[in-house]
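Text of the file target_16.csv, holding CSV, C-alpha atoms:
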```
chain,number,residue,atom,x,y,z
A,1,LEU,CA,-10.6,-7.9,-11.9
A,2,THR,CA,-11.8,-11.4,-11.0
A,3,GLU,CA,-15.5,-10.9,-11.6
A,4,PHE,CA,-14.9,-8.5,-14.5
A,5,LEU,CA,-12.7,-11.1,-16.3
A,6,ARG,CA,-15.2,-13.9,-15.6
A,7,SER,CA,-17.9,-11.7,-17.2
A,8,ASN,CA,-15.6,-10.8,-20.1
A,9,PRO,CA,-13.6,-14.0,-21.0
A,10,GLY,CA,-12.1,-12.5,-24.1
A,11,VAL,CA,-10.3,-9.7,-22.3
A,12,ALA,CA,-6.6,-10.0,-21.8
A,13,ILE,CA,-4.7,-7.8,-19.2
A,14,ASN,CA,-1.2,-6.9,-18.4
A,15,ILE,CA,-0.4,-6.1,-14.8
A,16,ASP,CA,2.8,-4.4,-13.5
A,17,VAL,CA,3.5,-4.1,-9.8
A,18,THR,CA,5.7,-1.1,-9.2
A,19,ASN,CA,6.0,2.0,-7.0
A,20,ARG,CA,4.0,5.2,-7.1
A,21,GLU,CA,6.6,7.2,-9.0
A,22,LYS,CA,6.7,4.8,-11.8
A,23,VAL,CA,2.9,4.5,-11.8
A,24,MET,CA,2.7,8.3,-12.4
A,25,GLU,CA,5.3,8.1,-15.1
A,26,SER,CA,3.5,5.3,-16.9
A,27,GLN,CA,0.2,7.2,-16.9
A,28,LEU,CA,1.8,10.4,-18.1
A,29,GLU,CA,3.5,8.5,-20.9
A,30,ASN,CA,0.2,6.9,-21.9
A,31,GLU,CA,1.6,3.4,-21.3
A,32,VAL,CA,-1.3,2.1,-19.1
A,33,ASP,CA,-5.1,2.5,-18.9
A,34,PHE,CA,-5.4,2.4,-15.1
A,35,SER,CA,-3.4,2.3,-11.9
A,36,LEU,CA,-4.3,1.3,-8.4
A,37,VAL,CA,-2.5,3.6,-5.9
A,38,SER,CA,-2.8,4.1,-2.2
A,39,ASP,CA,-3.7,7.8,-2.3
A,40,ALA,CA,-4.3,10.4,-5.0
A,41,LEU,CA,-1.6,11.1,-7.5
A,42,ASP,CA,-0.4,14.7,-7.0
A,43,ASN,CA,-1.3,15.8,-10.5
A,44,PRO,CA,-4.4,17.5,-11.8
A,45,SER,CA,-4.1,15.5,-15.1
A,46,PHE,CA,-5.4,12.4,-13.3
A,47,ASP,CA,-8.9,11.3,-12.4
A,48,SER,CA,-9.7,8.6,-9.8
A,49,ILE,CA,-12.4,6.8,-7.9
A,50,ASP,CA,-12.0,5.6,-4.3
A,51,MET,CA,-12.0,1.8,-4.1
A,52,LEU,CA,-11.3,0.9,-0.4
A,53,SER,CA,-9.6,2.1,2.7
A,54,ASN,CA,-5.9,1.4,3.2
A,55,ASP,CA,-4.9,1.3,6.8
A,56,LEU,CA,-1.2,1.1,7.7
A,57,TYR,CA,0.1,-0.3,11.0
A,58,LEU,CA,3.5,-0.7,12.7
A,59,ILE,CA,4.4,-4.4,12.7
A,60,GLY,CA,7.0,-6.7,14.1
A,61,ASN,CA,7.3,-10.5,14.2
A,62,ARG,CA,6.2,-12.4,17.3
A,63,GLU,CA,9.6,-12.0,19.1
A,64,THR,CA,10.4,-8.4,18.1
A,65,ALA,CA,6.9,-7.2,18.9
A,66,LYS,CA,7.2,-8.4,22.5
A,67,MET,CA,10.8,-7.4,23.0
A,68,LYS,CA,9.6,-4.0,24.3
A,69,PRO,CA,5.9,-3.7,24.1
A,70,SER,CA,6.1,-0.1,25.3
A,71,PHE,CA,9.3,0.9,23.5
A,72,ASN,CA,9.9,4.5,22.5
A,73,TYR,CA,11.1,5.7,19.2
A,74,LEU,CA,14.7,6.1,20.4
A,75,ASP,CA,14.8,2.3,20.6
A,76,PHE,CA,14.7,2.1,16.9
A,77,LYS,CA,18.2,3.7,16.8
A,78,ASN,CA,19.7,1.2,19.2
A,79,GLU,CA,17.7,-2.0,18.6
A,80,LEU,CA,16.2,-3.3,15.3
A,81,PRO,CA,16.1,-1.0,12.3
A,82,LEU,CA,13.0,0.2,10.4
A,83,ILE,CA,12.4,-1.6,7.1
A,84,PHE,CA,11.4,0.8,4.3
A,85,ARG,CA,10.2,0.4,0.8
A,86,GLU,CA,12.3,2.0,-1.9
A,87,TYR,CA,12.3,5.8,-2.8
A,88,GLY,CA,9.2,6.6,-4.9
A,89,SER,CA,6.9,4.2,-3.0
A,90,GLY,CA,3.7,5.7,-1.5
A,91,THR,CA,4.1,3.5,1.6
A,92,ARG,CA,7.6,4.8,2.2
A,93,LYS,CA,6.3,8.4,1.9
A,94,VAL,CA,3.6,7.7,4.4
A,95,MET,CA,6.0,6.0,6.8
A,96,GLU,CA,8.6,8.8,6.6
A,97,ASN,CA,5.9,11.5,7.2
A,98,TYR,CA,4.7,9.6,10.2
A,99,PHE,CA,8.1,9.3,11.8
A,100,LYS,CA,8.9,12.9,11.0
A,101,LYS,CA,5.8,14.0,12.9
A,102,GLN,CA,7.0,11.9,15.8
A,103,GLY,CA,10.2,13.9,15.8
A,104,VAL,CA,12.3,10.8,15.0
A,105,ASP,CA,15.2,11.3,12.6
A,106,GLY,CA,18.3,9.4,11.6
A,107,LEU,CA,16.9,5.9,12.0
A,108,LYS,CA,18.7,2.8,11.0
A,109,LYS,CA,17.1,1.6,7.8
A,110,ILE,CA,16.8,-1.4,5.5
A,111,GLU,CA,15.3,-0.7,2.1
A,112,LEU,CA,13.4,-3.3,0.0
A,113,MET,CA,11.7,-3.1,-3.4
A,114,SER,CA,8.3,-4.6,-2.6
A,115,ASN,CA,5.7,-5.0,0.2
A,116,GLU,CA,6.3,-8.7,0.1
A,117,GLY,CA,10.0,-8.3,0.6
A,118,VAL,CA,9.4,-5.9,3.6
A,119,LYS,CA,6.9,-8.4,5.1
A,120,GLN,CA,9.3,-11.3,4.8
A,121,ALA,CA,12.1,-9.2,6.4
A,122,VAL,CA,9.9,-8.4,9.3
A,123,ILE,CA,8.9,-12.0,9.7
A,124,ALA,CA,12.6,-13.0,9.7
A,125,GLY,CA,13.1,-10.6,12.6
A,126,LEU,CA,15.3,-8.0,10.7
A,127,GLY,CA,13.2,-5.1,12.1
A,128,TYR,CA,9.9,-3.2,12.1
A,129,SER,CA,7.9,-1.6,9.4
A,130,ILE,CA,4.7,0.3,8.7
A,131,MET,CA,2.6,-1.7,6.2
A,132,PRO,CA,-0.9,-1.8,4.7
A,133,ILE,CA,-3.0,-4.3,6.7
A,134,ILE,CA,-4.6,-5.6,3.4
A,135,GLY,CA,-1.5,-7.7,2.7
A,136,LEU,CA,-1.0,-9.0,6.3
A,137,LYS,CA,-4.2,-10.8,7.1
A,138,ASN,CA,-2.8,-14.4,6.9
A,139,GLU,CA,0.3,-13.5,8.9
A,140,LEU,CA,-1.7,-11.7,11.6
A,141,LYS,CA,-4.1,-14.6,11.9
A,142,SER,CA,-1.2,-17.1,12.2
A,143,GLY,CA,0.7,-14.9,14.7
A,144,THR,CA,3.9,-14.6,12.6
A,145,LEU,CA,3.3,-10.8,12.5
A,146,LYS,CA,2.0,-8.6,15.3
A,147,ILE,CA,0.6,-5.1,15.2
A,148,ILE,CA,2.4,-2.7,17.6
A,149,GLU,CA,0.0,-0.1,18.8
A,150,ARG,CA,1.3,3.5,18.8
A,151,PRO,CA,-0.3,6.9,18.9
A,152,GLY,CA,-1.2,8.2,15.4
A,153,LEU,CA,-1.6,4.7,14.0
A,154,PRO,CA,-3.1,3.3,11.9
A,155,ILE,CA,-2.6,5.7,9.2
A,156,SER,CA,-5.6,5.7,6.8
A,157,THR,CA,-5.4,6.4,3.1
A,158,LYS,CA,-7.5,5.2,0.2
A,159,TRP,CA,-6.8,2.8,-2.6
A,160,LYS,CA,-7.8,4.7,-5.7
A,161,LEU,CA,-8.3,3.5,-9.3
A,162,THR,CA,-6.7,6.3,-11.4
A,163,TRP,CA,-6.4,7.2,-15.0
A,164,HIS,CA,-5.2,10.1,-17.1
A,165,LYS,CA,-8.0,12.5,-17.9
A,166,ASP,CA,-7.0,12.9,-21.5
A,167,LYS,CA,-6.6,9.1,-22.1
A,168,ASN,CA,-8.8,7.9,-24.9
A,169,LEU,CA,-10.1,4.8,-23.2
A,170,SER,CA,-10.9,1.7,-25.3
A,171,PRO,CA,-14.3,0.1,-25.0
A,172,VAL,CA,-12.9,-2.6,-22.7
A,173,ALA,CA,-11.3,0.1,-20.5
A,174,LYS,CA,-14.6,2.0,-20.3
A,175,ALA,CA,-16.4,-1.2,-19.4
A,176,PHE,CA,-13.9,-1.9,-16.6
A,177,LEU,CA,-14.2,1.6,-15.3
A,178,SER,CA,-18.0,1.4,-15.3
A,179,TYR,CA,-17.9,-2.1,-13.7
A,180,SER,CA,-15.5,-0.9,-11.0
A,181,SER,CA,-17.6,2.2,-10.1
A,182,GLU,CA,-20.9,0.3,-10.0
A,183,ASN,CA,-19.6,-2.8,-8.1
A,184,LYS,CA,-17.0,-1.4,-5.7
A,185,GLU,CA,-19.2,-2.0,-2.6
A,186,GLN,CA,-19.9,-5.6,-3.5
A,187,ILE,CA,-16.2,-6.2,-4.3
A,188,LYS,CA,-15.3,-4.8,-0.9
A,189,LYS,CA,-17.7,-7.0,0.9
A,190,LYS,CA,-16.8,-10.2,-1.0
A,191,TYR,CA,-13.0,-9.9,-1.0
A,192,PHE,CA,-12.0,-7.4,1.7
A,193,ASP,CA,-14.4,-7.6,4.6
```

Rendering of file as structure tokens:
Amino acid sequence: LTEFLRSNPGVAINIDVTNREKVMESQLENEVDFSLVSDALDNPSFDSIDMLSNDLYLIGNRETAKMKPSFNYLDFKNELPLIFREYGSGTRKVMENYFKKQGVDGLKKIELMSNEGVKQAVIAGLGYSIMPIIGLKNELKSGTLKIIERPGLPISTKWKLTWHKDKNLSPVAKAFLSYSSENKEQIKKKYFD
């Protein structure tokens, strides 16, 4: 949005940060032009373009990450809990699928409504989580968060710009879609390298 808004100073936007379930509902109800989601919406009514990769890692704070560097998944039941996003979140869905594949069930859980909330809970030492690396760069550089390497991680998905196929896009929305498609490689290099 940064470069697009600089090039189009008369454009006003409204951004809502919410979970995947509400994103799909907003698009079906024709309440939004676009959504940014971390994997395709499971509905043939939506179109999308891939924007950038979304890699998710298991993280802990500097103390919890070194408590048991080679811990197994049973330790989650007895030690610190896993911190999940709320139901309806794409990150939660990925996290639950990962642990299910590992044969781990009945884990102690803390549930929070945002990635920022989950990140702060992990920093505070309340437990571990699987999170997108895109929002962790500063904390990983400073050492307040650590990646805990495990088989099957990172989990890679794609950030996708999505819209309803039947949406009658305004000229501004069409211009933004065109700009995003044409400039996604430069955007990646400038902001996400």

Write out as a ChimeraX atom specification each polymer residue whose atoms come within 10 Å of A:Leu136, counting all atoms listed in the file; drop sequence neighbours fewer than 5 positions from it. /A:57,59,115-116,119,131,141,144-147

Ranking A:Ile83, A:Met67, A:Ile134, A:Met113 by minimum distance to A:Thr18 and counting only C-alpha atoms, which one comes first?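 Going through A:Ile83, A:Met67, A:Ile134, A:Met113 one by one, the smallest distance to A:Thr18 is for A:Met113.
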
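With all atoms listed in the file taken into account, the protein and nucleic acid residues at most 12 Å from A:Ser178 (excluding it and anything under 5 positions from it in its own chain) are Phe4, Ile49, Leu161, Leu169, Pro171, Val172, Ala173, Asn183 and Lys184 of chain A.
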
Nearest residue to A:Trp159 from the set A:Asp33, A:Asp50, A:Glu21, A:Asp42 (distances using only C-alpha atoms): A:Asp50

Straight-line distance linking atom CA of A:Ser114 with atom CA of A:Asp55, stated in Å to one decimal: 17.2 Å

A:Gly125 surroundings by all atoms listed in the file, 10 Å radius, close-in-sequence under 6 positions cut, as a PDB file with C-alpha atoms, in the coordinates of the input:
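Listed below is the output, around04.pdb:
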```
ATOM      1  CA  GLY A  60       7.000  -6.700  14.100  1.00  0.00           C
ATOM      2  CA  ASN A  61       7.300 -10.500  14.200  1.00  0.00           C
ATOM      3  CA  ARG A  62       6.200 -12.400  17.300  1.00  0.00           C
ATOM      4  CA  GLU A  63       9.600 -12.000  19.100  1.00  0.00           C
ATOM      5  CA  THR A  64      10.400  -8.400  18.100  1.00  0.00           C
ATOM      6  CA  ALA A  65       6.900  -7.200  18.900  1.00  0.00           C
ATOM      7  CA  LEU A  80      16.200  -3.300  15.300  1.00  0.00           C
ATOM      8  CA  LYS A 119       6.900  -8.400   5.100  1.00  0.00           C
ATOM      9  CA  LEU A 145       3.300 -10.800  12.500  1.00  0.00           C
TER      10      LEU A 145
END
```

Could you work out how far atom CA of A:Val17 lies from atom CA of A:Glu96, giving the answer in Å with one decimal?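 Calculated distance between atom CA of A:Glu96 and atom CA of A:Val17 is 21.5 Å.
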
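Nearest residue to A:Lys160, choosing from A:Ser26, A:Thr2, A:Asn8, A:Asn54 and counting all atoms listed in the file: A:Asn54.
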
Can stretch 40-68 of chain A be brought up to N, CA and C atoms and written out as a PDB file, in the coordinates of the input?
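To be explicit, this is the file written out as out20.pdb:
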```pdb
ATOM      1  N   ALA A  40      -4.240   9.656  -3.693  1.00  0.00           N
ATOM      2  CA  ALA A  40      -4.300  10.400  -5.000  1.00  0.00           C
ATOM      3  C   ALA A  40      -2.931  10.698  -5.507  1.00  0.00           C
ATOM      4  N   LEU A  41      -2.781  10.634  -6.825  1.00  0.00           N
ATOM      5  CA  LEU A  41      -1.600  11.100  -7.500  1.00  0.00           C
ATOM      6  C   LEU A  41      -1.573  12.611  -7.459  1.00  0.00           C
ATOM      7  N   ASP A  42      -0.447  13.203  -7.136  1.00  0.00           N
ATOM      8  CA  ASP A  42      -0.400  14.700  -7.000  1.00  0.00           C
ATOM      9  C   ASP A  42      -0.237  15.329  -8.367  1.00  0.00           C
ATOM     10  N   ASN A  43      -1.297  15.250  -9.161  1.00  0.00           N
ATOM     11  CA  ASN A  43      -1.300  15.800 -10.500  1.00  0.00           C
ATOM     12  C   ASN A  43      -2.689  16.041 -10.978  1.00  0.00           C
ATOM     13  N   PRO A  44      -3.036  17.262 -11.391  1.00  0.00           N
ATOM     14  CA  PRO A  44      -4.400  17.500 -11.800  1.00  0.00           C
ATOM     15  C   PRO A  44      -4.773  16.832 -13.149  1.00  0.00           C
ATOM     16  N   SER A  45      -3.822  16.176 -13.806  1.00  0.00           N
ATOM     17  CA  SER A  45      -4.100  15.500 -15.100  1.00  0.00           C
ATOM     18  C   SER A  45      -4.792  14.126 -14.820  1.00  0.00           C
ATOM     19  N   PHE A  46      -4.885  13.693 -13.546  1.00  0.00           N
ATOM     20  CA  PHE A  46      -5.400  12.400 -13.300  1.00  0.00           C
ATOM     21  C   PHE A  46      -6.815  12.453 -12.637  1.00  0.00           C
ATOM     22  N   ASP A  47      -7.640  11.490 -12.988  1.00  0.00           N
ATOM     23  CA  ASP A  47      -8.900  11.300 -12.400  1.00  0.00           C
ATOM     24  C   ASP A  47      -8.872  10.015 -11.559  1.00  0.00           C
ATOM     25  N   SER A  48      -9.785   9.861 -10.608  1.00  0.00           N
ATOM     26  CA  SER A  48      -9.700   8.600  -9.800  1.00  0.00           C
ATOM     27  C   SER A  48     -11.090   8.383  -9.144  1.00  0.00           C
ATOM     28  N   ILE A  49     -11.264   7.131  -8.727  1.00  0.00           N
ATOM     29  CA  ILE A  49     -12.400   6.800  -7.900  1.00  0.00           C
ATOM     30  C   ILE A  49     -11.827   6.031  -6.666  1.00  0.00           C
ATOM     31  N   ASP A  50     -12.394   6.313  -5.490  1.00  0.00           N
ATOM     32  CA  ASP A  50     -12.000   5.600  -4.300  1.00  0.00           C
ATOM     33  C   ASP A  50     -12.490   4.161  -4.383  1.00  0.00           C
ATOM     34  N   MET A  51     -11.613   3.212  -4.056  1.00  0.00           N
ATOM     35  CA  MET A  51     -12.000   1.800  -4.100  1.00  0.00           C
ATOM     36  C   MET A  51     -12.204   1.245  -2.686  1.00  0.00           C
ATOM     37  N   LEU A  52     -11.196   1.360  -1.821  1.00  0.00           N
ATOM     38  CA  LEU A  52     -11.300   0.900  -0.400  1.00  0.00           C
ATOM     39  C   LEU A  52     -10.298   1.547   0.441  1.00  0.00           C
ATOM     40  N   SER A  53     -10.517   1.437   1.739  1.00  0.00           N
ATOM     41  CA  SER A  53      -9.600   2.100   2.700  1.00  0.00           C
ATOM     42  C   SER A  53      -8.285   1.280   2.735  1.00  0.00           C
ATOM     43  N   ASN A  54      -7.226   1.984   3.072  1.00  0.00           N
ATOM     44  CA  ASN A  54      -5.900   1.400   3.200  1.00  0.00           C
ATOM     45  C   ASN A  54      -5.310   1.845   4.503  1.00  0.00           C
ATOM     46  N   ASP A  55      -5.366   0.951   5.483  1.00  0.00           N
ATOM     47  CA  ASP A  55      -4.900   1.300   6.800  1.00  0.00           C
ATOM     48  C   ASP A  55      -3.503   0.668   7.029  1.00  0.00           C
ATOM     49  N   LEU A  56      -2.575   1.523   7.465  1.00  0.00           N
ATOM     50  CA  LEU A  56      -1.200   1.100   7.700  1.00  0.00           C
ATOM     51  C   LEU A  56      -0.868   1.048   9.158  1.00  0.00           C
ATOM     52  N   TYR A  57      -0.206  -0.039   9.573  1.00  0.00           N
ATOM     53  CA  TYR A  57       0.100  -0.300  11.000  1.00  0.00           C
ATOM     54  C   TYR A  57       1.605  -0.553  11.142  1.00  0.00           C
ATOM     55  N   LEU A  58       2.112  -0.274  12.332  1.00  0.00           N
ATOM     56  CA  LEU A  58       3.500  -0.700  12.700  1.00  0.00           C
ATOM     57  C   LEU A  58       3.439  -2.132  13.059  1.00  0.00           C
ATOM     58  N   ILE A  59       4.350  -2.907  12.471  1.00  0.00           N
ATOM     59  CA  ILE A  59       4.400  -4.400  12.700  1.00  0.00           C
ATOM     60  C   ILE A  59       5.754  -4.845  13.068  1.00  0.00           C
ATOM     61  N   GLY A  60       5.765  -5.967  13.780  1.00  0.00           N
ATOM     62  CA  GLY A  60       7.000  -6.700  14.100  1.00  0.00           C
ATOM     63  C   GLY A  60       6.642  -8.189  14.063  1.00  0.00           C
ATOM     64  N   ASN A  61       7.650  -9.040  14.147  1.00  0.00           N
ATOM     65  CA  ASN A  61       7.300 -10.500  14.200  1.00  0.00           C
ATOM     66  C   ASN A  61       7.002 -10.808  15.678  1.00  0.00           C
ATOM     67  N   ARG A  62       6.676 -12.074  15.956  1.00  0.00           N
ATOM     68  CA  ARG A  62       6.200 -12.400  17.300  1.00  0.00           C
ATOM     69  C   ARG A  62       7.250 -12.112  18.377  1.00  0.00           C
ATOM     70  N   GLU A  63       8.533 -12.245  18.056  1.00  0.00           N
ATOM     71  CA  GLU A  63       9.600 -12.000  19.100  1.00  0.00           C
ATOM     72  C   GLU A  63       9.865 -10.456  19.160  1.00  0.00           C
ATOM     73  N   THR A  64      10.042  -9.794  18.026  1.00  0.00           N
ATOM     74  CA  THR A  64      10.400  -8.400  18.100  1.00  0.00           C
ATOM     75  C   THR A  64       9.249  -7.530  18.617  1.00  0.00           C
ATOM     76  N   ALA A  65       8.018  -7.947  18.370  1.00  0.00           N
ATOM     77  CA  ALA A  65       6.900  -7.200  18.900  1.00  0.00           C
ATOM     78  C   ALA A  65       6.773  -7.210  20.372  1.00  0.00           C
ATOM     79  N   LYS A  66       7.246  -8.311  20.994  1.00  0.00           N
ATOM     80  CA  LYS A  66       7.200  -8.400  22.500  1.00  0.00           C
ATOM     81  C   LYS A  66       8.465  -8.043  23.157  1.00  0.00           C
ATOM     82  N   MET A  67       9.523  -7.744  22.386  1.00  0.00           N
ATOM     83  CA  MET A  67      10.800  -7.400  23.000  1.00  0.00           C
ATOM     84  C   MET A  67      10.597  -6.223  23.990  1.00  0.00           C
ATOM     85  N   LYS A  68       9.914  -5.209  23.528  1.00  0.00           N
ATOM     86  CA  LYS A  68       9.600  -4.000  24.300  1.00  0.00           C
ATOM     87  C   LYS A  68       8.265  -3.519  23.960  1.00  0.00           C
TER      88      LYS A  68
END
```
